[in-house]
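Enquirer: For reference, the file protein_31.txt (compact mmCIF, C-alpha atoms) is included below:
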# COMPACT_ATOMS: atom_id res chain seq x y z
CA MET T 382 96.88 71.42 98.26
CA THR T 383 96.17 72.61 94.72
CA THR T 384 96.88 69.18 93.27
CA SER T 385 94.56 67.41 95.68
CA SER T 386 91.83 70.01 95.02
CA ILE T 387 92.08 69.38 91.28
CA ALA T 388 92.13 65.62 91.82
CA LEU T 389 88.90 65.89 93.81
CA MET T 390 87.33 68.05 91.09
CA ILE T 391 88.12 65.58 88.32
CA TYR T 392 85.82 63.25 90.19
CA LYS T 393 83.15 65.81 91.11
CA SER T 394 83.08 68.77 88.73
CA PRO T 395 85.77 68.74 86.00
CA GLU T 396 84.15 71.61 84.11
CA LEU T 397 84.85 74.04 86.94
CA VAL T 398 88.63 73.55 87.22
CA LEU T 399 89.78 76.11 84.67
CA SER T 400 87.12 78.69 85.45
CA SER T 401 87.80 78.65 89.17
CA MET T 402 91.55 78.97 88.62
CA ILE T 403 90.94 82.00 86.43
CA ASN T 404 88.54 83.39 89.04
CA GLY T 405 91.22 83.05 91.68
CA ALA T 406 93.79 84.72 89.44
CA SER T 407 91.44 87.56 88.63
CA SER T 408 90.82 88.34 92.30
CA ALA T 409 94.60 88.37 92.67
CA VAL T 410 94.80 90.92 89.85
CA THR T 411 92.18 93.10 91.54
CA LEU T 412 94.04 92.94 94.81
CA ALA T 413 97.39 93.66 93.13
CA ILE T 414 96.01 96.81 91.52
CA ARG T 415 94.62 97.99 94.84
CA LEU T 416 97.93 97.22 96.51
CA LEU T 417 99.79 99.13 93.81
CA ALA T 418 97.75 102.21 94.61
CA ILE T 419 98.26 101.85 98.37
CA TYR T 420 101.97 101.10 98.06
CA SER T 421 102.52 104.00 95.67
CA VAL T 422 101.47 106.44 98.35
CA TRP T 423 102.99 104.69 101.35
CA ILE T 424 106.32 103.68 99.86
CA ALA T 425 106.74 107.21 98.47
CA VAL T 426 106.14 108.66 101.93
CA MET T 427 108.40 106.04 103.49
CA ARG T 428 111.17 106.91 101.04
CA ILE T 429 110.98 110.50 102.26
CA ILE T 430 111.00 109.34 105.89
CA GLU T 431 114.12 107.33 105.18
CA LYS T 432 115.96 110.01 103.22
CA SER T 433 115.35 112.57 105.95
CA GLY T 434 116.57 110.21 108.66
CA LEU T 435 113.27 110.18 110.52
CA ASP T 436 113.14 106.40 110.46
CA LYS T 437 116.18 106.14 112.71
CA LYS T 438 114.40 108.27 115.28
CA VAL T 439 111.31 106.05 115.14
CA ALA T 440 113.52 103.00 115.49
CA LYS T 441 115.23 104.49 118.54
CA VAL T 442 111.93 104.64 120.41
CA LEU T 443 111.11 100.98 119.81
CA SER T 444 114.65 99.71 119.67
CA PRO T 445 115.24 98.54 123.26
CA ILE T 446 112.81 95.65 122.76
CA VAL T 447 113.52 95.08 119.08
CA LYS T 448 117.27 95.20 119.60
CA ARG T 449 117.06 92.62 122.34
CA LEU T 450 114.91 90.29 120.24
CA PHE T 451 116.95 90.67 117.05
CA LYS T 452 120.56 90.53 118.19
CA GLY T 453 123.23 91.21 115.62
CA GLU T 454 121.08 92.96 112.99
CA SER T 455 122.09 96.25 111.36
CA ASP T 456 120.47 99.58 112.29
CA GLU T 457 118.70 99.69 108.91
CA ALA T 458 117.16 96.28 109.51
CA LEU T 459 116.14 97.23 113.06
CA SER T 460 114.42 100.36 111.79
CA SER T 461 112.39 98.42 109.17
CA ILE T 462 111.48 95.87 111.83
CA SER T 463 110.34 98.59 114.27
CA MET T 464 108.29 100.36 111.63
CA ASN T 465 106.74 97.07 110.48
CA PHE T 466 105.71 96.30 114.07
CA SER T 467 104.22 99.78 114.57
CA ALA T 468 102.20 99.48 111.35
CA ASN T 469 100.98 96.05 112.44
CA MET T 470 99.91 97.30 115.85
CA LEU T 471 97.93 100.10 114.24
CA GLY T 472 96.28 97.52 111.98
CA ILE T 473 97.51 98.94 108.67
CA GLY T 474 98.59 95.65 107.13
CA SER T 475 99.07 97.14 103.69
CA VAL T 476 101.79 99.43 105.08
CA ALA T 477 103.30 96.65 107.14
CA THR T 478 103.81 94.37 104.12
CA PRO T 479 106.35 96.48 102.16
CA LEU T 480 108.18 97.25 105.42
CA GLY T 481 108.25 93.55 106.28
CA ILE T 482 109.68 92.66 102.87
CA GLN T 483 112.29 95.37 103.34
CA ALA T 484 113.15 94.10 106.83
CA ILE T 485 113.71 90.58 105.52
CA GLU T 486 115.82 91.87 102.63
CA ARG T 487 117.97 93.73 105.14
CA MET T 488 118.37 90.70 107.43
CA ASP T 489 118.99 88.33 104.50
CA LYS T 490 122.54 87.11 104.02
CA GLY T 491 121.88 85.42 100.67
CA SER T 492 121.42 81.93 102.11
CA LEU T 493 118.73 79.47 101.02
CA TYR T 494 117.77 78.92 104.65
CA ALA T 495 115.91 81.47 106.75
CA SER T 496 117.98 82.58 109.76
CA HIS T 497 116.67 82.41 113.33
CA ASN T 498 116.13 86.17 113.34
CA ILE T 499 114.18 86.12 110.06
CA ILE T 500 111.98 83.28 111.30
CA LEU T 501 111.34 85.10 114.58
CA PHE T 502 110.33 88.18 112.61
CA VAL T 503 107.95 86.20 110.38
CA VAL T 504 106.42 84.36 113.35
CA ILE T 505 105.75 87.64 115.18
CA ASN T 506 104.07 88.95 112.02
CA CYS T 507 102.08 85.73 111.63
CA THR T 508 100.71 85.76 115.17
CA SER T 509 99.14 89.21 114.82
CA LEU T 510 100.08 92.35 116.72
CA GLU T 511 96.91 94.29 116.00
CA LEU T 512 95.72 96.33 118.98
CA LEU T 513 92.19 96.98 117.72
CA PRO T 514 90.32 94.56 115.42
CA SER T 515 88.57 97.43 113.65
CA THR T 516 87.16 95.47 110.67
CA ILE T 517 85.49 92.92 112.91
CA LEU T 518 84.18 95.60 115.27
CA GLY T 519 82.63 97.29 112.24
CA MET T 520 81.07 94.04 111.04
CA ARG T 521 79.60 93.31 114.47
CA ALA T 522 78.20 96.83 114.79
CA SER T 523 76.59 96.65 111.35
CA MET T 524 74.95 93.31 112.22
CA GLY T 525 73.29 94.91 115.25
CA SER T 526 75.38 93.47 118.06
CA VAL T 527 74.30 94.58 121.55
CA ASN T 528 77.88 95.23 122.54
CA PRO T 529 80.25 95.02 119.55
CA ALA T 530 83.25 95.91 121.71
CA ASP T 531 82.99 93.00 124.13
CA ILE T 532 85.34 90.94 121.95
CA ILE T 533 88.19 93.44 122.15
CA LEU T 534 89.73 92.18 125.38
CA PRO T 535 89.58 88.45 124.57
CA THR T 536 90.87 89.13 121.03
CA LEU T 537 93.78 91.14 122.38
CA LEU T 538 94.62 88.47 124.96
CA SER T 539 94.31 85.70 122.40
CA SER T 540 96.69 87.40 119.98
CA LEU T 541 99.06 88.35 122.80
CA ILE T 542 99.21 84.73 123.94
CA SER T 543 99.80 83.48 120.41
CA THR T 544 102.62 86.02 119.92
CA ILE T 545 104.26 85.09 123.25
CA CYS T 546 103.95 81.38 122.38
CA GLY T 547 105.53 82.05 119.00
CA ILE T 548 108.45 83.98 120.50
CA CYS T 549 109.04 81.30 123.15
CA LEU T 550 108.97 78.46 120.60
CA CYS T 551 111.40 80.40 118.40
CA MET T 552 113.72 80.88 121.35
CA LEU T 553 113.64 77.12 121.99
CA PHE T 554 114.52 76.39 118.37
CA ARG T 555 117.27 79.00 118.51
CA LYS T 556 118.73 77.37 121.59
CA PHE T 557 118.65 73.81 120.34
CA GLY T 558 118.87 74.22 116.57
CA LYS T 559 121.98 75.34 114.74
CA GLU T 560 121.96 78.16 112.18
CA LYS T 561 121.91 76.61 108.70
CA VAL T 562 123.82 78.12 105.82
CA MET G 333 90.30 113.05 115.91
CA ALA G 334 91.43 109.95 114.03
CA ASN G 335 90.83 111.80 110.77
CA TYR G 336 93.63 114.23 111.55
CA ILE G 337 96.33 111.67 112.34
CA ILE G 338 97.33 110.90 108.74
CA PRO G 339 97.36 114.47 107.34
CA VAL G 340 99.24 115.81 110.37
CA LEU G 341 101.72 112.94 110.15
CA PHE G 342 102.29 113.55 106.42
CA ILE G 343 102.74 117.31 106.86
CA THR G 344 105.23 116.76 109.67
CA ILE G 345 107.22 114.35 107.50
CA PHE G 346 107.19 116.66 104.46
CA VAL G 347 108.16 119.76 106.43
CA TYR G 348 110.92 117.87 108.22
CA ALA G 349 112.23 116.61 104.86
CA LEU G 350 112.10 120.13 103.37
CA LEU G 351 114.04 121.51 106.34
CA LYS G 352 116.65 118.80 105.75
CA LYS G 353 116.77 119.89 102.06
CA ILE G 354 115.66 116.52 100.69
CA PRO G 355 114.50 116.54 97.04
CA LEU G 356 110.88 115.71 97.88
CA TYR G 357 109.52 115.15 94.39
CA THR G 358 112.33 112.85 93.27
CA CYS G 359 112.00 110.83 96.46
CA PHE G 360 108.27 110.54 95.92
CA THR G 361 108.54 109.30 92.34
CA ASP G 362 111.38 106.96 93.30
CA GLY G 363 109.14 105.50 95.95
CA ILE G 364 106.37 104.90 93.44
CA LYS G 365 108.87 103.25 91.11
CA SER G 366 109.77 100.76 93.82
CA ALA G 367 106.08 100.23 94.57
CA LEU G 368 105.62 99.18 90.95
CA ARG G 369 108.55 96.76 91.16
CA LEU G 370 107.36 95.41 94.50
CA VAL G 371 103.86 94.63 93.24
CA ALA G 372 105.36 92.91 90.19
CA ASP G 373 107.59 90.88 92.52
CA ILE G 374 104.84 89.76 94.87
CA PHE G 375 102.09 89.26 92.27
CA PRO G 376 103.03 85.65 91.34
CA PHE G 377 102.77 84.65 95.00
CA ILE G 378 99.46 86.43 95.54
CA ALA G 379 98.06 84.80 92.40
CA ALA G 380 99.24 81.32 93.43
CA ILE G 381 97.63 81.62 96.88
CA PHE G 382 94.38 82.98 95.45
CA ILE G 383 94.13 80.24 92.84
CA ALA G 384 94.81 77.61 95.50
CA VAL G 385 92.16 79.05 97.84
CA GLU G 386 89.57 79.25 95.06
CA LEU G 387 90.21 75.62 94.10
CA LEU G 388 90.13 74.55 97.75
CA ASN G 389 86.67 76.09 98.10
CA ILE G 390 85.12 75.08 94.79
CA SER G 391 86.44 71.52 94.88
CA GLY G 392 84.83 70.86 98.25
CA LEU G 393 88.21 69.91 99.71
CA SER G 394 87.71 72.53 102.38
CA ASP G 395 84.42 70.86 103.41
CA LEU G 396 86.21 67.52 103.50
CA LEU G 397 88.93 68.99 105.71
CA THR G 398 86.29 70.61 107.87
CA ASN G 399 84.61 67.26 108.53
CA LEU G 400 87.96 65.68 109.23
CA MET G 401 89.24 68.35 111.59
CA SER G 402 86.09 69.32 113.50
CA PRO G 403 86.38 66.54 116.15
CA VAL G 404 89.98 67.63 116.78
CA PHE G 405 89.04 71.28 117.25
CA GLY G 406 86.00 70.28 119.31
CA PHE G 407 88.32 68.34 121.60
CA LEU G 408 90.50 71.45 121.97
CA GLY G 409 87.52 73.57 123.02
CA ILE G 410 87.03 75.35 119.69
CA PRO G 411 83.36 75.07 118.57
CA LYS G 412 82.92 72.60 115.69
CA GLU G 413 80.98 75.19 113.72
CA LEU G 414 84.16 77.26 113.46
CA THR G 415 86.36 74.59 111.86
CA LYS G 416 86.03 76.04 108.37
CA LEU G 417 87.01 79.47 109.70
CA MET G 418 90.04 77.96 111.44
CA ILE G 419 91.14 76.27 108.21
CA LEU G 420 90.67 79.32 105.99
CA ARG G 421 91.97 81.97 108.40
CA PRO G 422 95.71 81.37 107.73
CA LEU G 423 95.07 81.31 103.97
CA SER G 424 92.83 84.23 103.14
CA GLY G 425 91.77 87.37 104.99
CA ASN G 426 88.77 88.17 102.80
CA GLY G 427 87.71 84.54 102.68
CA SER G 428 87.62 84.25 106.45
CA LEU G 429 85.66 87.51 106.79
CA ALA G 430 83.06 86.09 104.38
CA ILE G 431 82.77 82.96 106.52
CA LEU G 432 82.52 85.05 109.69
CA ASP G 433 79.66 86.94 108.06
CA GLU G 434 77.87 83.63 107.39
CA ILE G 435 78.42 82.61 111.00
CA TYR G 436 76.89 85.89 112.21
CA LEU G 437 73.84 85.31 110.01
CA MET G 438 73.43 81.68 111.03
CA TYR G 439 73.95 81.86 114.79
CA GLY G 440 73.37 85.56 115.62
CA VAL G 441 76.13 88.14 116.26
CA ASP G 442 76.06 87.86 120.02
CA SER G 443 75.96 84.07 120.26
CA TYR G 444 78.84 82.21 121.85
CA ILE G 445 79.86 80.72 118.49
CA ALA G 446 79.87 84.11 116.76
CA ARG G 447 81.93 85.70 119.53
CA CYS G 448 84.49 82.90 119.38
CA GLY G 449 84.55 83.31 115.59
CA SER G 450 85.18 87.05 115.92
CA ILE G 451 88.11 86.36 118.22
CA ILE G 452 89.58 83.72 115.92
CA ALA G 453 89.25 86.02 112.91
CA GLY G 454 90.56 89.06 114.78
CA ALA G 455 93.46 87.55 116.67
CA ALA G 456 95.02 85.59 113.81
CA GLU G 457 96.87 86.44 110.63
CA THR G 458 97.01 85.09 107.08
CA ILE G 459 100.09 82.99 107.82
CA PHE G 460 100.51 81.42 104.36
CA TYR G 461 99.91 84.70 102.55
CA ILE G 462 102.38 86.60 104.75
CA THR G 463 105.14 84.02 104.40
CA ALA G 464 104.62 83.71 100.63
CA VAL G 465 104.79 87.48 100.13
CA TYR G 466 107.52 88.32 102.67
CA PHE G 467 110.03 85.93 101.13
CA SER G 468 109.16 86.79 97.53
CA THR G 469 112.15 89.09 96.94
CA THR G 470 114.87 86.91 98.54
CA LYS G 471 116.46 83.60 97.62
CA ILE G 472 115.25 81.97 100.82
CA THR G 473 113.24 78.83 100.06
CA LYS G 474 113.79 76.85 103.27
CA LEU G 475 111.56 78.47 105.88
CA ARG G 476 112.36 75.74 108.45
CA TYR G 477 110.17 76.03 111.54
CA ALA G 478 108.50 79.37 110.64
CA ILE G 479 105.09 78.03 109.51
CA PRO G 480 104.64 75.21 112.08
CA VAL G 481 105.51 77.54 114.96
CA SER G 482 103.10 80.20 113.65
CA LEU G 483 100.28 77.68 113.20
CA ILE G 484 100.73 76.10 116.63
CA SER G 485 100.87 79.51 118.34
CA THR G 486 97.74 80.63 116.50
CA ILE G 487 95.84 77.50 117.54
CA ILE G 488 96.92 77.98 121.18
CA GLY G 489 95.75 81.60 120.94
CA ALA G 490 92.38 80.44 119.54
CA ILE G 491 91.92 77.85 122.29
CA VAL G 492 92.57 80.50 124.94
CA GLY G 493 90.29 82.96 123.12
CA CYS G 494 87.37 80.49 123.13
CA LEU G 495 88.02 79.74 126.79
CA LEU G 496 87.95 83.45 127.63
CA CYS G 497 84.69 83.75 125.74
CA ARG G 498 83.08 81.28 128.13
CA VAL G 499 84.48 83.00 131.22
CA LEU G 500 84.18 86.70 130.39
Take the structure in this file and express it as structure tokens.
Expert:
Amino acid sequence: MTTSSIALMIYKSPELVLSSMINGASSAVTLAIRLLAIYSVWIAVMRIIEKSGLDKKVAKVLSPIVKRLFKGESDEALSSISMNFSANMLGIGSVATPLGIQAIERMDKGSLYASHNIILFVVINCTSLELLPSTILGMRASMGSVNPADIILPTLLSSLISTICGICLCMLFRKFGKEKV
Amino acid sequence: MANYIIPVLFITIFVYALLKKIPLYTCFTDGIKSALRLVADIFPFIAAIFIAVELLNISGLSDLLTNLMSPVFGFLGIPKELTKLMILRPLSGNGSLAILDEIYLMYGVDSYIARCGSIIAGAAETIFYITAVYFSTTKITKLRYAIPVSLISTIIGAIVGCLLCRVL
């Protein structure tokens, strides 16, 4: 993608290549600094949750579903998965990300290939679990929409359908594809 | 009401930890230490995605893709005007919000196109960003069917969302 973009720019606007790459990198730096601040607070709190054993209690509430979906994973992995899902449902993506990374680390067996469980986890994360699209509601309200909330139901259904599709497709792959090591 | 959720949650956690005799301060600073490491670990992947998205936009490749893909999306029942949003949505959260804003201004917030756009932006995730960041601390490089399955499911979700918009 990057290579073809640059190829196109050589033809159209060669002078902009370097500057736009640096622009992209600098917005990444801005984001990283904001993430560092957010993660500092949340990971610190999460560390306390973990050390006090509260996370296992949270996991127990969600675990019937999560345990069924992610057979054969350790309790630690299941608890990160459950907490990642809860954060996603509440729409706090910045909390979900470190938990998601942790979940994958805990499911990882050191192979180069992603396991069926890891892929299922990523697909569920990639098809959105958010219950309330708060940013978009805010945008619609600020633009003077007559009824900003009328998109909630279709949005919820749309993301529910995409998540169900993702889970079903993963189950198909799991059934017909072997685990690679 | 919502304002009280976080403070109450934090107090509950801290008090529970104190009752369990957990060294709160050490845990807290340890957590921040791993936050620092985590951001350092994921930064290269964030930077790569951001540079790629910036180039995609500035080079006009995204417009080219938009022209190429819009008949396909139109056929699937997704308004042609939303093709650019569909292409950028899996790549960049902020980028797609900026495009949604343009769509609101151009067609009006309550138009059919804007409502479909809201659903597409709200019901999808930044697939490429998530996968890049989630795998950044492991050795896994072969993601196998993860991205295709996510993209197909998202498109199916978008098609249904646009359909609902016409019915509801």
Enquirer: Near Arg428 of chain T, within 9 Å and counting all atoms listed in the file, which residues show up once chain neighbours fewer than 2 positions away are dropped, as a VMD selection string?
Expert: (chain T and resid 423 to 426 430 to 433) or (chain G and resid 359 to 360 362 to 363)
Enquirer: Using only C-alpha atoms, I'd like a table of the residues in chain G that come within 7 Å of chain T; for each, show the closest atom pair and its distance in Å rounded to one decimal, ordered by chain and ascending number, as CSV.
Expert:
residue,atom,partner,partner_atom,distance
G:Ile345,CA,T:Ile430,CA,6.5
G:Ala349,CA,T:Ser433,CA,5.2
G:Lys352,CA,T:Ser433,CA,6.4
G:Ile354,CA,T:Ser433,CA,6.6
G:Leu356,CA,T:Ile429,CA,6.8
G:Cys359,CA,T:Ile429,CA,5.9
G:Phe360,CA,T:Ala425,CA,4.5
G:Thr361,CA,T:Ala425,CA,6.7
G:Asp362,CA,T:Ala425,CA,7.0
G:Gly363,CA,T:Ala425,CA,3.9
G:Ile364,CA,T:Ser421,CA,4.5
G:Ala367,CA,T:Ser421,CA,5.3
G:Leu368,CA,T:Leu417,CA,6.5
G:Val371,CA,T:Leu417,CA,6.1
G:Phe375,CA,T:Ala413,CA,6.5
G:Ile378,CA,T:Ala409,CA,6.0
G:Ala379,CA,T:Ala409,CA,5.0
G:Phe382,CA,T:Gly405,CA,4.9
G:Ile383,CA,T:Gly405,CA,4.2
G:Ala384,CA,T:Thr383,CA,5.2
G:Glu386,CA,T:Gly405,CA,5.3
G:Leu387,CA,T:Ser386,CA,5.9
G:Leu388,CA,T:Ser386,CA,5.6
G:Ser391,CA,T:Met390,CA,5.2
G:Leu393,CA,T:Ser386,CA,5.9
G:Val441,CA,T:Ser526,CA,5.7
G:Asp442,CA,T:Ser526,CA,6.0
G:Arg447,CA,T:Ile532,CA,6.7
G:Ser450,CA,T:Ile517,CA,6.6
G:Ile451,CA,T:Thr536,CA,4.8
G:Gly454,CA,T:Pro514,CA,5.5
G:Ala455,CA,T:Ser540,CA,4.6
G:Ala456,CA,T:Ser509,CA,5.6
G:Glu457,CA,T:Cys507,CA,5.4
G:Thr458,CA,T:Cys507,CA,6.8
G:Ile459,CA,T:Cys507,CA,5.1
G:Ile462,CA,T:Cys507,CA,6.9
G:Thr463,CA,T:Val503,CA,7.0
G:Tyr466,CA,T:Ile482,CA,4.9
G:Phe467,CA,T:Ile482,CA,7.0
G:Thr470,CA,T:Glu486,CA,6.5
G:Lys471,CA,T:Leu493,CA,5.8
G:Ile472,CA,T:Leu493,CA,4.3
G:Thr473,CA,T:Leu493,CA,5.6
G:Lys474,CA,T:Tyr494,CA,4.7
G:Leu475,CA,T:Ala495,CA,5.4
G:Arg476,CA,T:Ala495,CA,7.0
G:Ala478,CA,T:Ile500,CA,5.3
G:Val481,CA,T:Gly547,CA,6.1
G:Ser482,CA,T:Val504,CA,5.3
G:Ser485,CA,T:Ser543,CA,4.6
G:Thr486,CA,T:Ser543,CA,5.3
G:Ile488,CA,T:Ser543,CA,6.3
G:Gly489,CA,T:Ser543,CA,4.5
G:Ala490,CA,T:Ser539,CA,6.3
G:Val492,CA,T:Ser539,CA,6.0
G:Gly493,CA,T:Ser539,CA,4.9
G:Leu496,CA,T:Pro535,CA,6.1
G:Cys497,CA,T:Pro535,CA,6.9
Enquirer: Please, what distance in Å, to one decimal, runs between atom CA of Phe342 of chain G and atom CA of Ser455 of chain T?
Expert: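 Rounded to one decimal, the two atoms are 26.8 Å apart.
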Enquirer: Please measure the separation of atom CA of Arg421 of chain G and atom CA of Leu495 of chain G, giving the value in Å to one decimal.
Expert: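 Going from atom CA of Arg421 of chain G over to atom CA of Leu495 of chain G, I get 18.9 Å.
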Enquirer: Enter the distance from atom CA of Ala380 of chain G to atom CA of Ile462 of chain T, in Å, rounded to one decimal.
Expert: 26.5 Å
Enquirer: Missing atoms in segment 445-462 of chain T need filling: write out N, CA and C atoms for it as a compact mmCIF listing (two decimals), in the coordinates of the input.
Expert:
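Output saved as out-v7.txt:
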# COMPACT_ATOMS: atom_id res chain seq x y z
N PRO T 445 114.82 99.39 122.14
CA PRO T 445 115.24 98.54 123.26
C PRO T 445 114.70 97.12 123.16
N ILE T 446 113.39 96.99 122.86
CA ILE T 446 112.81 95.65 122.76
C ILE T 446 113.30 94.96 121.48
N VAL T 447 113.18 95.69 120.36
CA VAL T 447 113.52 95.08 119.08
C VAL T 447 114.99 94.66 119.04
N LYS T 448 115.84 95.51 119.60
CA LYS T 448 117.27 95.20 119.60
C LYS T 448 117.56 93.95 120.40
N ARG T 449 116.84 93.79 121.50
CA ARG T 449 117.06 92.62 122.34
C ARG T 449 116.60 91.36 121.63
N LEU T 450 115.44 91.46 120.93
CA LEU T 450 114.91 90.29 120.24
C LEU T 450 115.76 89.91 119.03
N PHE T 451 116.25 90.94 118.30
CA PHE T 451 116.95 90.67 117.05
C PHE T 451 118.42 91.03 117.19
N LYS T 452 119.13 90.24 117.96
CA LYS T 452 120.56 90.53 118.19
C LYS T 452 121.35 90.41 116.90
N GLY T 453 122.28 91.33 116.72
CA GLY T 453 123.23 91.21 115.62
C GLY T 453 122.73 91.74 114.29
N GLU T 454 121.55 92.40 114.25
CA GLU T 454 121.08 92.96 112.99
C GLU T 454 121.53 94.42 112.86
N SER T 455 121.64 94.88 111.60
CA SER T 455 122.09 96.25 111.36
C SER T 455 121.02 97.27 111.78
N ASP T 456 121.43 98.54 111.92
CA ASP T 456 120.47 99.58 112.29
C ASP T 456 119.36 99.72 111.26
N GLU T 457 119.73 99.57 109.96
CA GLU T 457 118.70 99.69 108.91
C GLU T 457 117.64 98.61 109.09
N ALA T 458 118.10 97.38 109.33
CA ALA T 458 117.16 96.28 109.51
C ALA T 458 116.28 96.54 110.73
N LEU T 459 116.91 96.98 111.83
CA LEU T 459 116.14 97.23 113.06
C LEU T 459 115.08 98.29 112.82
N SER T 460 115.41 99.30 112.01
CA SER T 460 114.42 100.36 111.79
C SER T 460 113.25 99.85 110.95
N SER T 461 113.52 98.99 109.92
CA SER T 461 112.39 98.42 109.17
C SER T 461 111.55 97.53 110.07
N ILE T 462 112.22 96.75 110.93
CA ILE T 462 111.48 95.87 111.83
C ILE T 462 110.58 96.69 112.75
